[in-house]
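Asks: Sending over a structure as structure tokens; questions will come in a sec.
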Amino acid sequence: MDKRFQYHFEPGKGWMNDPNGLIQYRGIYHAFFQYNPYDIKWGPMHWGHATSSDLLHWQEQEIALSPTEDYEDEGGCFSGSAIEKDGKLYLFYTSVSHALGQTQSLAISEDGVTFTKYEHNPIIRNFPVGDATKDFRDPKVFAYGNEYRMILGTIYGGCGRVLQYRSKDLTQWDYMGVLYESSDYHDVIECPDLFPLQDKWVLLYSRIEPGDRHVQFLIGDFDGERFVPSSAQLPEMGPQFYASQTFLSEDNRRILISWFYDWIRQPVPGSPSAGALTIPREVSLDETEDLCLYPVDSAKQFLEELPLDSSVHQKVGVQLCASPDCVQMISQHATSQCYQGPVEKVEILTDAKAVEVFINNGHHNYSIWGH
Ligand code: FRU
């Protein structure tokens, strides 16, 4: 039997992957997500929608976007982001069609409940030839100076790339060029995000490794044109953590939520749904510019500290064992994870069928499903 989460969001039925369009709008937190309402596996992509007032208890809402138009008649409405302008909510997403491939589209809402697709979609109809390929997706939009920027992931010449566009009004977009190109990642960059943090900038993206997927964080500087990294970090190494996206709360916290599942996992027989959102984490840099991802205040009540005495703890199908120089986590599906390094503190969040492990106040984390 499937156990339902108590304080993580999961849809009532169907498949979900990436969080999309994260925003606090008129005081309420909105999380949209990649959603197939028809099956517990990936399929025609819709944007599901959930709202919360505390980032812990989520109410599932009506589907926000369905693939109804000819410009999204192949994969549907892929990942993207949200921004507020003049009291309205703007959703940007990748529309995927037989005729045009991956293009970028817009939907607007006056109330956060109903969403109307822009009549001149797609707003970006072609990828920039010579800089990108047909894998051209996951728009993240943010305000920059007195205009807006959009970044997108692609691959070109065997290297992952992030491209940048600019706009004054959120509908007309001009291509600016390559924001960042990776030297060590040779597949398509998925779900990029760029934001200021303390006095640095952070570029994060999701990377597909053989048999594995991770979220890469780069700390660096952004001059309005290019992002130049000074360090690369992987603060989360769990097997079920992907497609992270951040947003700025009304009280200026940078909050990150990820897809809590993976592509190869088989749902427990009888499960009405597959996939969830991770516990929202606040993002910060310590004094040495190391990134920390640590549960938001409302979730701290669920943190449980593990003793560093090598004792074995069984939690919802995950076996955990911590000592001053190592933390080991083995899921009942034999996924074995190991952190080796100085361990000062291990805290865990346990909910129904999964555990999120936070080592040294969020410097090294592991999100793992047991059942
Ligand atoms: C990442 C991803 C995105 C894409 C979406 C499709 O998990 O592959 O790049 O927009 O999922 O559902």
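Each chain of the structure tokens is named A, B, ... in the order shown, its residues numbered from 1; ligands are numbered from 1 in display order.
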Got a sec: who's within 12 Å of Thr103 in chain A, counting only C-alpha atoms, leaving out chain neighbours fewer than 2 positions off, as a VMD selection string?
Replies: chain A and resid 70 to 80 92 to 101 105 to 106 121 to 128 133 to 139 152
Asks: What's the 10 Å shell around Lys41 in chain A, counting only C-alpha atoms, without same-chain residues fewer than 3 positions away, as a ChimeraX atom specification?
Replies: /A:14-17,35-38,44,263-267,273-275
Asks: Could you save the residues just selected, with all heavy atoms, as a CSV table (one decimal), in the first residue's frame?
Replies:
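Output below, filename out.csv:
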```
chain,number,residue,atom,x,y,z
A,14,GLY,N,-1.8,10.8,-10.5
A,14,GLY,CA,-1.0,11.1,-11.7
A,14,GLY,C,0.5,11.2,-11.4
A,14,GLY,O,1.0,10.9,-10.3
A,15,TRP,N,1.3,11.6,-12.4
A,15,TRP,CA,2.7,11.7,-12.3
A,15,TRP,C,3.1,13.2,-12.2
A,15,TRP,O,2.5,14.1,-12.9
A,15,TRP,CB,3.3,11.1,-13.6
A,15,TRP,CG,4.7,11.6,-13.9
A,15,TRP,CD1,5.1,12.8,-14.5
A,15,TRP,CD2,5.9,11.0,-13.6
A,15,TRP,NE1,6.5,12.9,-14.6
A,15,TRP,CE2,7.0,11.8,-14.1
A,15,TRP,CE3,6.2,9.7,-12.9
A,15,TRP,CZ2,8.3,11.4,-13.9
A,15,TRP,CZ3,7.6,9.4,-12.8
A,15,TRP,CH2,8.6,10.2,-13.3
A,16,MET,N,4.1,13.5,-11.4
A,16,MET,CA,4.7,14.8,-11.4
A,16,MET,C,6.2,14.8,-11.5
A,16,MET,O,6.8,13.9,-10.9
A,16,MET,CB,4.3,15.7,-10.2
A,16,MET,CG,4.8,15.2,-8.9
A,16,MET,SD,4.7,16.5,-7.6
A,16,MET,CE,6.0,17.7,-8.2
A,17,ASN,N,6.8,15.8,-12.2
A,17,ASN,CA,8.2,16.0,-12.1
A,17,ASN,C,8.5,17.4,-11.7
A,17,ASN,O,7.9,17.9,-10.7
A,17,ASN,CB,9.0,15.4,-13.3
A,17,ASN,CG,8.6,15.8,-14.6
A,17,ASN,OD1,7.6,15.3,-15.1
A,17,ASN,ND2,9.4,16.6,-15.3
A,35,TYR,N,3.2,17.9,-14.9
A,35,TYR,CA,2.2,17.0,-14.4
A,35,TYR,C,1.5,16.2,-15.6
A,35,TYR,O,1.1,16.8,-16.6
A,35,TYR,CB,1.1,17.9,-13.7
A,35,TYR,CG,0.0,17.1,-13.1
A,35,TYR,CD1,0.2,16.0,-12.3
A,35,TYR,CD2,-1.3,17.6,-13.2
A,35,TYR,CE1,-0.8,15.3,-11.7
A,35,TYR,CE2,-2.4,16.9,-12.6
A,35,TYR,CZ,-2.1,15.8,-11.9
A,35,TYR,OH,-3.2,15.1,-11.3
A,36,ASN,N,1.4,14.9,-15.4
A,36,ASN,CA,0.6,14.1,-16.3
A,36,ASN,C,-0.6,13.5,-15.5
A,36,ASN,O,-0.4,12.6,-14.6
A,36,ASN,CB,1.4,12.9,-16.9
A,36,ASN,CG,0.5,12.0,-17.7
A,36,ASN,OD1,-0.6,12.4,-18.1
A,36,ASN,ND2,1.0,10.8,-18.0
A,37,PRO,N,-1.8,14.1,-15.6
A,37,PRO,CA,-2.9,13.7,-14.8
A,37,PRO,C,-3.5,12.3,-15.1
A,37,PRO,O,-4.3,11.8,-14.4
A,37,PRO,CB,-4.0,14.8,-15.1
A,37,PRO,CG,-3.7,15.3,-16.4
A,37,PRO,CD,-2.2,15.2,-16.6
A,38,TYR,N,-3.0,11.7,-16.3
A,38,TYR,CA,-3.7,10.5,-16.8
A,38,TYR,C,-3.0,9.2,-16.3
A,38,TYR,O,-3.5,8.2,-16.5
A,38,TYR,CB,-3.7,10.5,-18.3
A,38,TYR,CG,-4.4,11.8,-18.8
A,38,TYR,CD1,-3.6,12.7,-19.6
A,38,TYR,CD2,-5.7,12.1,-18.6
A,38,TYR,CE1,-4.2,13.9,-20.1
A,38,TYR,CE2,-6.3,13.2,-19.0
A,38,TYR,CZ,-5.5,14.1,-19.8
A,38,TYR,OH,-6.1,15.3,-20.2
A,44,PRO,N,1.9,13.5,-21.6
A,44,PRO,CA,1.6,14.9,-22.0
A,44,PRO,C,1.7,15.8,-20.9
A,44,PRO,O,1.0,15.7,-19.9
A,44,PRO,CB,0.2,14.8,-22.6
A,44,PRO,CG,-0.4,13.5,-22.2
A,44,PRO,CD,0.7,12.6,-21.8
A,263,TRP,N,13.7,9.4,-12.4
A,263,TRP,CA,13.1,8.9,-13.7
A,263,TRP,C,12.9,7.4,-13.7
A,263,TRP,O,12.0,6.9,-14.4
A,263,TRP,CB,13.9,9.3,-14.9
A,263,TRP,CG,13.9,10.7,-15.2
A,263,TRP,CD1,14.8,11.7,-14.9
A,263,TRP,CD2,12.7,11.5,-15.7
A,263,TRP,NE1,14.4,12.9,-15.3
A,263,TRP,CE2,13.1,12.8,-15.7
A,263,TRP,CE3,11.5,11.1,-16.1
A,263,TRP,CZ2,12.3,13.8,-16.2
A,263,TRP,CZ3,10.6,12.1,-16.6
A,263,TRP,CH2,11.0,13.4,-16.6
A,264,ILE,N,13.7,6.6,-13.0
A,264,ILE,CA,13.7,5.2,-13.1
A,264,ILE,C,12.9,4.5,-12.0
A,264,ILE,O,12.6,3.3,-12.1
A,264,ILE,CB,15.1,4.6,-13.2
A,264,ILE,CG1,15.9,5.1,-12.0
A,264,ILE,CG2,15.7,4.8,-14.5
A,264,ILE,CD1,17.3,4.4,-11.9
A,265,ARG,N,12.5,5.2,-11.0
A,265,ARG,CA,11.8,4.6,-9.9
A,265,ARG,C,10.4,4.1,-10.3
A,265,ARG,O,9.7,4.7,-11.1
A,265,ARG,CB,11.6,5.7,-8.9
A,265,ARG,CG,11.3,5.2,-7.5
A,265,ARG,CD,11.2,6.3,-6.5
A,265,ARG,NE,10.9,5.6,-5.3
A,265,ARG,CZ,11.8,5.0,-4.6
A,265,ARG,NH1,13.1,5.0,-4.9
A,265,ARG,NH2,11.5,4.3,-3.6
A,266,GLN,N,10.1,2.9,-9.8
A,266,GLN,CA,8.8,2.3,-10.1
A,266,GLN,C,7.8,2.6,-8.9
A,266,GLN,O,8.2,2.3,-7.7
A,266,GLN,CB,8.9,0.8,-10.2
A,266,GLN,CG,9.6,0.4,-11.5
A,266,GLN,CD,9.0,0.9,-12.7
A,266,GLN,OE1,7.8,0.9,-12.9
A,266,GLN,NE2,9.8,1.5,-13.6
A,267,PRO,N,6.7,3.2,-9.1
A,267,PRO,CA,5.8,3.5,-7.9
A,267,PRO,C,5.4,2.2,-7.3
A,267,PRO,O,5.3,1.1,-7.9
A,267,PRO,CB,4.6,4.2,-8.6
A,267,PRO,CG,5.0,4.6,-10.0
A,267,PRO,CD,6.2,3.7,-10.4
A,273,SER,N,-0.3,8.1,-7.2
A,273,SER,CA,0.6,9.1,-7.8
A,273,SER,C,2.0,8.8,-7.7
A,273,SER,O,2.4,7.8,-7.0
A,273,SER,CB,0.3,10.5,-7.1
A,273,SER,OG,0.9,10.4,-5.8
A,274,ALA,N,2.9,9.5,-8.5
A,274,ALA,CA,4.3,9.3,-8.4
A,274,ALA,C,5.0,10.7,-8.4
A,274,ALA,O,4.6,11.5,-9.2
A,274,ALA,CB,4.8,8.5,-9.6
A,275,GLY,N,5.9,10.9,-7.4
A,275,GLY,CA,6.6,12.1,-7.4
A,275,GLY,C,6.1,13.1,-6.4
A,275,GLY,O,4.9,13.0,-6.0
```
Asks: What does the structure give for the distance between CA of Pro210 in chain A and CA of Asp39 in chain A, in Å to one decimal?
Replies: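 CA of Asp39 in chain A lies 26.2 Å from CA of Pro210 in chain A.
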Asks: Within 8 Å of Leu55 in chain A, counting only C-alpha atoms, which residues show up once you throw out same-chain ones fewer than 6 positions away? Write them as JSON, numbers by chain, please.
Replies: {"A": [29, 279, 280, 298]}
Asks: Restricting it to all heavy atoms, dump the selection as a PDB file, in the first residue's frame.
Replies:
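What landed in part.pdb:
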```
ATOM      1  N   TYR A  29       2.007  31.217  -1.279  1.00  0.00           N
ATOM      2  CA  TYR A  29       3.032  30.510  -2.060  1.00  0.00           C
ATOM      3  C   TYR A  29       2.344  29.676  -3.136  1.00  0.00           C
ATOM      4  O   TYR A  29       1.385  28.941  -2.849  1.00  0.00           O
ATOM      5  CB  TYR A  29       3.853  29.578  -1.164  1.00  0.00           C
ATOM      6  CG  TYR A  29       4.610  30.316  -0.081  1.00  0.00           C
ATOM      7  CD1 TYR A  29       4.171  30.297   1.247  1.00  0.00           C
ATOM      8  CD2 TYR A  29       5.760  31.040  -0.381  1.00  0.00           C
ATOM      9  CE1 TYR A  29       4.851  30.979   2.242  1.00  0.00           C
ATOM     10  CE2 TYR A  29       6.456  31.732   0.612  1.00  0.00           C
ATOM     11  CZ  TYR A  29       5.998  31.692   1.917  1.00  0.00           C
ATOM     12  OH  TYR A  29       6.676  32.374   2.895  1.00  0.00           O
ATOM     13  N   ILE A 279      11.108  19.264   0.703  1.00  0.00           N
ATOM     14  CA  ILE A 279      10.902  20.322   1.693  1.00  0.00           C
ATOM     15  C   ILE A 279      11.599  21.578   1.185  1.00  0.00           C
ATOM     16  O   ILE A 279      12.754  21.512   0.746  1.00  0.00           O
ATOM     17  CB  ILE A 279      11.515  19.871   3.051  1.00  0.00           C
ATOM     18  CG1 ILE A 279      10.488  19.035   3.807  1.00  0.00           C
ATOM     19  CG2 ILE A 279      11.973  21.035   3.913  1.00  0.00           C
ATOM     20  CD1 ILE A 279       9.216  19.788   4.182  1.00  0.00           C
ATOM     21  N   PRO A 280      10.908  22.707   1.198  1.00  0.00           N
ATOM     22  CA  PRO A 280      11.559  23.950   0.768  1.00  0.00           C
ATOM     23  C   PRO A 280      12.775  24.253   1.639  1.00  0.00           C
ATOM     24  O   PRO A 280      12.737  24.094   2.869  1.00  0.00           O
ATOM     25  CB  PRO A 280      10.458  24.999   0.953  1.00  0.00           C
ATOM     26  CG  PRO A 280       9.180  24.213   0.856  1.00  0.00           C
ATOM     27  CD  PRO A 280       9.483  22.889   1.494  1.00  0.00           C
ATOM     28  N   SER A 298       9.454  26.995   8.956  1.00  0.00           N
ATOM     29  CA  SER A 298       8.238  26.240   9.302  1.00  0.00           C
ATOM     30  C   SER A 298       8.490  24.739   9.329  1.00  0.00           C
ATOM     31  O   SER A 298       7.738  23.990   9.953  1.00  0.00           O
ATOM     32  CB  SER A 298       7.101  26.570   8.328  1.00  0.00           C
ATOM     33  OG  SER A 298       7.509  26.324   6.998  1.00  0.00           O
TER      34      SER A 298
END
```
Asks: Range 52-89 of chain A: which residues are strand (DSSP E) by DSSP, as an NGL selection string?
Replies: :A and (52 or 58-60 or 76-85 or 88-89)
Asks: Emit the selected residues as an mmCIF file, in the first residue's frame, including N, CA, C and O atoms.
Replies:
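The resulting file, part_35.cif, is shown below:
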```cif
data_model
loop_
_atom_site.group_PDB
_atom_site.id
_atom_site.type_symbol
_atom_site.label_atom_id
_atom_site.label_comp_id
_atom_site.auth_asym_id
_atom_site.auth_seq_id
_atom_site.Cartn_x
_atom_site.Cartn_y
_atom_site.Cartn_z
ATOM 1 N N SER A 52 0.025 27.271 -0.870
ATOM 2 C CA SER A 52 0.305 27.034 0.543
ATOM 3 C C SER A 52 0.480 28.371 1.251
ATOM 4 O O SER A 52 0.929 29.357 0.650
ATOM 5 N N TRP A 58 0.016 21.998 1.550
ATOM 6 C CA TRP A 58 -0.292 22.459 0.192
ATOM 7 C C TRP A 58 -1.701 22.032 -0.194
ATOM 8 O O TRP A 58 -2.123 20.916 0.094
ATOM 9 N N GLN A 59 -2.419 22.919 -0.875
ATOM 10 C CA GLN A 59 -3.734 22.573 -1.428
ATOM 11 C C GLN A 59 -3.581 22.450 -2.936
ATOM 12 O O GLN A 59 -3.128 23.401 -3.584
ATOM 13 N N GLU A 60 -3.972 21.302 -3.443
ATOM 14 C CA GLU A 60 -3.893 21.128 -4.890
ATOM 15 C C GLU A 60 -5.014 21.926 -5.546
ATOM 16 O O GLU A 60 -6.164 21.885 -5.093
ATOM 17 N N GLY A 76 3.855 18.859 -24.870
ATOM 18 C CA GLY A 76 2.973 19.635 -24.012
ATOM 19 C C GLY A 76 3.646 20.882 -23.474
ATOM 20 O O GLY A 76 4.447 21.525 -24.163
ATOM 21 N N CYS A 77 3.339 21.213 -22.220
ATOM 22 C CA CYS A 77 3.833 22.434 -21.576
ATOM 23 C C CYS A 77 4.969 22.052 -20.634
ATOM 24 O O CYS A 77 4.725 21.573 -19.520
ATOM 25 N N PHE A 78 6.198 22.250 -21.078
ATOM 26 C CA PHE A 78 7.383 21.861 -20.288
ATOM 27 C C PHE A 78 7.689 22.935 -19.226
ATOM 28 O O PHE A 78 6.992 23.920 -19.087
ATOM 29 N N SER A 79 8.814 22.732 -18.550
ATOM 30 C CA SER A 79 9.145 23.542 -17.368
ATOM 31 C C SER A 79 9.354 25.019 -17.660
ATOM 32 O O SER A 79 9.708 25.407 -18.776
ATOM 33 N N GLY A 80 9.192 25.811 -16.608
ATOM 34 C CA GLY A 80 9.394 27.252 -16.714
ATOM 35 C C GLY A 80 9.191 27.931 -15.376
ATOM 36 O O GLY A 80 9.240 27.286 -14.325
ATOM 37 N N SER A 81 8.947 29.237 -15.434
ATOM 38 C CA SER A 81 8.984 30.039 -14.204
ATOM 39 C C SER A 81 7.864 31.074 -14.189
ATOM 40 O O SER A 81 7.130 31.221 -15.162
ATOM 41 N N ALA A 82 7.765 31.803 -13.078
ATOM 42 C CA ALA A 82 6.713 32.813 -12.910
ATOM 43 C C ALA A 82 7.315 34.122 -12.439
ATOM 44 O O ALA A 82 8.362 34.136 -11.770
ATOM 45 N N ILE A 83 6.646 35.208 -12.791
ATOM 46 C CA ILE A 83 7.031 36.519 -12.259
ATOM 47 C C ILE A 83 5.768 37.362 -12.157
ATOM 48 O O ILE A 83 4.810 37.151 -12.921
ATOM 49 N N GLU A 84 5.757 38.329 -11.201
ATOM 50 C CA GLU A 84 4.604 39.216 -11.068
ATOM 51 C C GLU A 84 4.933 40.554 -11.699
ATOM 52 O O GLU A 84 6.028 41.084 -11.505
ATOM 53 N N LYS A 85 3.990 41.109 -12.459
ATOM 54 C CA LYS A 85 4.169 42.459 -13.018
ATOM 55 C C LYS A 85 2.808 43.159 -12.983
ATOM 56 O O LYS A 85 1.820 42.594 -13.449
ATOM 57 N N LYS A 88 -0.216 41.261 -12.004
ATOM 58 C CA LYS A 88 -0.580 40.039 -12.737
ATOM 59 C C LYS A 88 0.532 39.010 -12.637
ATOM 60 O O LYS A 88 1.704 39.359 -12.486
ATOM 61 N N LEU A 89 0.128 37.768 -12.770
ATOM 62 C CA LEU A 89 1.090 36.663 -12.703
ATOM 63 C C LEU A 89 1.397 36.200 -14.132
ATOM 64 O O LEU A 89 0.472 35.902 -14.898
#
```
Asks: When distances are computed from only C-alpha atoms, which of A:Pro239, A:Gly157, A:Pro192, A:Gly145 shows the smallest separation from Phe217 in chain A?
Replies: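 Comparing A:Pro239, A:Gly157, A:Pro192, A:Gly145 against Phe217 in chain A, the winner is A:Pro192.
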Asks: For CA of Tyr294 in chain A and CA of Gly238 in chain A, quote the distance in Å rounded to one decimal.
Replies: 14.4 Å
Asks: Which is closest to Pro235 in chain A among A:Asp290, A:Glu356, A:Glu304, A:Glu69, if we use only C-alpha atoms?
Replies: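 Closest candidate: A:Asp290.
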Asks: List the spatial neighbours of Cys338 in chain A as a list in words - criterion: any atom at most 9 Å away, only C-alpha atoms, same-chain residues fewer than 4 positions off excluded.
Replies: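 Once the nearby chain positions are removed, what remains is Cys326, Val327, Gln328, Met329 and Ile330 of chain A.
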Asks: Expressed in Å to a single decimal, how great is the separation between CA of Trp259 in chain A and CA of Val343 in chain A?
Replies: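 Between CA of Trp259 in chain A and CA of Val343 in chain A the gap works out to 26.4 Å.
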Asks: Using only C-alpha atoms and all ligand atoms, find the one residue out of A:Gln233, A:Gln164, A:Gln240, A:Ser53 that sits nearest to ligand 1.
Replies: A:Gln240
Asks: In terms of the shortest atom-to-atom distance over only C-alpha atoms, which of A:Ala354, A:Cys292, A:Ile40, A:Ile28 is closest to Pro272 in chain A?
Replies: A:Ile40
Asks: Under the rule that only C-alpha atoms are counted, which of A:Phe115, A:Phe260, A:Phe241, A:Trp42 is the nearest residue to Glu62 in chain A?
Replies: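 Among the listed residues, A:Phe115 lies closest to Glu62 in chain A.
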Asks: Would you mind telling me which residue in A:Ser249, A:Ser109, A:Thr114, A:Ser206 lies nearest to ligand 1 when using only C-alpha atoms and all ligand atoms?
Replies: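 Looking at the shortest contact to ligand 1, the residue is A:Ser206.
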